[in-house]
Structures are given as structure tokens and as C-alpha cells.
Amino acid sequence: MIYIRRRFLHIAGAALALPAIARICDAQPSQGGLKLNQLLRADLQRQGQMVQETMVNLLEMAPSASAPWHMHPGAQEIIFVVEGKLVVEVEGEGSREVTSGATALISAETPHLVRNASAQATARTLVIHSRADKETPFLVVLKKPA
């Protein structure tokens with residue numbers, strides 16, 4: 001009896017929800033609707049295609065501030081500049097400027113540094129790390145001149 005009542009409630013709920021779902025799916029986006037812009041799509045690099053953890057951080061860098069040379073063992077890094085301008089220097093690839101709305105992709109195990117290119121404005125960035133092993137250190141500071 002309980003099974004029949006539960007089954008009836010599931011069917012009745014679906015019958016009520018389906019017309020609403022159909023209207024939502026058929027709706028056209030309005031002028032003020034959502035807009036999804038893909039910023040980056042890339043395969044994992046140097047991680048055996050496995051992710052145990054993804055971390056998303058908001059990093060605010062004071063004018064002229066710089067992170068030291070470092071690397072992330074088993075963690076690919078994606079930097080999305082929300083506001084300002086960064087210089088991203090990757091060992092073996094040189095440096096490049098990353099402006100507001102742009103991304104930088106840094107492979108796992110790759111030494112790099114990031115610095116705020118502006119002497120006047122704070123830079124705000126979204127930093128995403130895809131980690132293959134949560135047990136390894138998140139960050140290793142390297143002995144390189146900045």
C-alpha cells in the first residue's frame with residue numbers, strides 16, 4: 001500500500017511538473033537574460049586525467065604586488081582576471097600580460113609567478129586549481145629570483 005501511494009505521488013508530481021518544464025525549455029532568452037561565455041576549455045595536463053579536488057579562489061593583488069616563483073604539485077591552475085592587469089611568467093614560456101576578461105592556463109608541476117602589472121590599481125582574479133591528489137602540498141615556493 002505504501003509503495004502504491006509513493007508511486008502515485010511520483011506520477012502526480014511528474015504530471016504537474018512536465019508542462020512547466022516544457023514552457024521553460026521553449027522560452028527564448030530575454031534581453032536581460034543570462035549569457036554564458038565560455039572562457040576556457042582545455043584538457044587536464046600532467047595529471048593523468050584525474051581530479052580529486054577543485055579549488056576556486058578570489059585573489060586580490062595590491063599595486064605592484066607579486067607572488068614568488070612557485071608551482072602546484074599535481075594541480076593545473078587557471079587564472080581569470082576579473083579586474084586589472086597581470087603579468088604571468090611561466091618557466092620555459094616567458095611572460096605575458098593577462099588583462100581583464102582574459103585567462104591564463106598553467107600546467108601542473110610548472111614553475112611560474114604572477115604579478116600585478118599596475119603600480120596604481122589592485123588586480124582581482126579568480127584562480128582555479130584542479131588537483132589530482134589532495135594529499136600532496138598545495139604550493140611549493142621555489143628558490144628563483146623574482
# chains A, B, ... in the order shown; residues from 1 in each chain; ligands from 1
$ residues_around --residues "stretch 73-84 of chain A" --least-positions-apart "4" --cutoff "10 Å" --atoms "only C-alpha atoms" --output "PyMOL selection string"
chain A and resi 39-40+43-48+50-61+63+88+98-111+114+116-118+121-140
$ atom_distance --atom1 "atom CA of A:Ala62" --atom2 "atom CA of A:Val87"
13.4 Å
$ closest_residue --among "A:Ala119, A:Leu113, A:Leu142, A:Ala65" --to "A:Glu93" --atoms "only C-alpha atoms"
A:Leu113
$ closest_residue --among "A:Gly94, A:Val141, A:Leu86, A:Arg115" --to "A:His70" --atoms "only C-alpha atoms"
A:Val141
